[in-house]
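Structure first, commentary second.
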Number of protein chains: 2
Amino acid sequence: MNRYAIIVAGGKGLRMGGPTPKQFLMLNGRPVIVRTLEQFLRFDSTIQLIVVLPEEHMGTWAQVQKTHLPDVTLRVTIGGAERFDSVKAGLDLLHELDGLVAVHDAVRPYVSVQTIADSFQSAALHGSGVASIPLKDSIRELVQDGSKARDRSHFRLVQTPQTFRVGELKEAFSRATHNAFTDDATVYEAAGYRVRLIEGGFENIKITTPEDLK
Amino acid sequence: MNRYAIIVAGGKGLRMGGPTPKQFLMLNGRPVIVRTLEQFLRFDSTIQLIVVLPEEHMGTWAQVQKTHLPDVTLRVTIGGAERFDSVKAGLDLLHELDGLVAVHDAVRPYVSVQTIADSFQSAALHGSGVASIPLKDSIRELVQDGSKARDRSHFRLVQTPQTFRVGELKEAFSRATHNAFTDDATVYEAAGYRVRLIEGGFENIKITTPEDLK
């Protein structure tokens, strides 16, 4: 069964405050997105990679690929306004419906090969495999007149990779009635499918603020 | 009004896998707990500091203080089995009931002076000031047959400092019927008080795993 990974770098990285989008920041000498792609290639050197980027980053990407990944075959497509639109653009390139596809944030370069493998295995067995972690901090729910403590052991924070059967994820995206989903598991769930969580990793952080690169 | 800070280093740091407890790991040449204490002294050089440590770490602490904080006056006391017991041990040293007391994790050395100031200001005005941050990741709630997506904008992750009026927090701790609270705001809330959240910081992480020190 073919394996695909859609690496989503939709954001313009404005939160970092600098001119360089987060996915192109250097991490020990290599751009963040390159480190992310390399983890998927370490998992499976034959995986089919799809990179989704805003149109204005295509020039930077071409340079990055030439410099750091000259021998890797991958497809690139232009993302949309929301994360949903970007993932959908990636899915539109896939036509083999019984393959498995991981969706992963370009700005999560620390993902372990084990987590990637676990998400594909869960998707192969159960239809989906979504990386998640327990909460290290206490959690409060906002209510009308303030907030109230909730039991953190009842919650999981969702990461990527989120891996699914290609046909089911494409169907879920085509049936969605809005594009305000914060992750792919929610799109999948809204289409009536059951989300299976797998264990992610505390090291698998999303680089969204400067301190994440420290 | 007097200001106090209880710096809780209750854990034995076993999660780090090494022989050095997390609070004594070196961060750019100074132990984590020293950096944490220094932030409170930067906020207010007259703040009264109370350090709560497991008994077996008292020897290490004496060395640390002699080397890194020789001129700082502070009180040290022995913590208990749970976080609750450790904070209570610190509170037992306070007798001036109308002061303000911040409770803070020794392993959160990156706390900003601004966050500390905000928590004291909120406690002075409203009785409590609890640092919290919005969620960067999607969240799912575990339910009987799996999990379901929740709207992350309805939740806040709780950090420290958590600052309160001394008398109210002491009363809340004395009225608590168990010691399985994961934070002080929950103890305070269980006694019928209203918790006020303030904005914490994404940099204000808790060092619980080796990757946090990277």
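Going by the structure tokens order, chains are called A, B, ..., each with residues numbered from 1, while ligands are numbered from 1 in the order shown.
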Counting only C-alpha atoms, collect the residues of chain B whose closest atom lies at most 6 Å from chain A, and write them out as a PyMOL selection string.
-> chain B and resi 137-142+154-158
Would you mind exporting the chosen residues as an mmCIF file, in the first residue's frame, restricted to C-alpha atoms?
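The result, written out as again27.cif:
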```cif
data_model
loop_
_atom_site.group_PDB
_atom_site.id
_atom_site.type_symbol
_atom_site.label_atom_id
_atom_site.label_comp_id
_atom_site.auth_asym_id
_atom_site.auth_seq_id
_atom_site.Cartn_x
_atom_site.Cartn_y
_atom_site.Cartn_z
ATOM 1 C CA ASP B 137 -2.542 22.552 19.809
ATOM 2 C CA SER B 138 -5.965 21.084 19.191
ATOM 3 C CA ILE B 139 -7.478 19.266 22.147
ATOM 4 C CA ARG B 140 -9.582 16.124 22.507
ATOM 5 C CA GLU B 141 -11.529 14.931 25.508
ATOM 6 C CA LEU B 142 -11.373 11.246 26.341
ATOM 7 C CA HIS B 154 -12.581 27.312 25.500
ATOM 8 C CA PHE B 155 -9.579 26.115 27.500
ATOM 9 C CA ARG B 156 -6.487 27.510 29.199
ATOM 10 C CA LEU B 157 -3.408 25.639 30.356
ATOM 11 C CA VAL B 158 -2.467 26.615 33.877
#
```
Please return as a PyMOL selection string: the residues of segment 9-211 of chain B that backbone DSSP assigns to alpha helix (DSSP H).
-> chain B and resi 32-43+58-68+83-91+113-126+166-175+184-190
Within 7 Å of segment 92-104 of chain B using only C-alpha atoms, minus same-chain residues under 3 positions, as a ChimeraX atom specification | /B:1-8,88-89,160-167
Pull the strand (DSSP E or B) assignments for segment 10-142 of chain B out of DSSP run on the backbone, and list those residues as a ChimeraX atom specification.
-> /B:26-27,30-31,48-53,74-78,100-105,128-133,138-142
Long-range neighbours of segment 67-74 of chain B as a ChimeraX atom specification, 12 Å cut-off, only C-alpha atoms, 5 positions minimum in chain = /B:4-7,24,26,29-38,40-41,45-52,60-62,90,93
Distance in Å - atom CA of Val113 of chain B versus atom CA of Asn28 of chain B = 18.9 Å
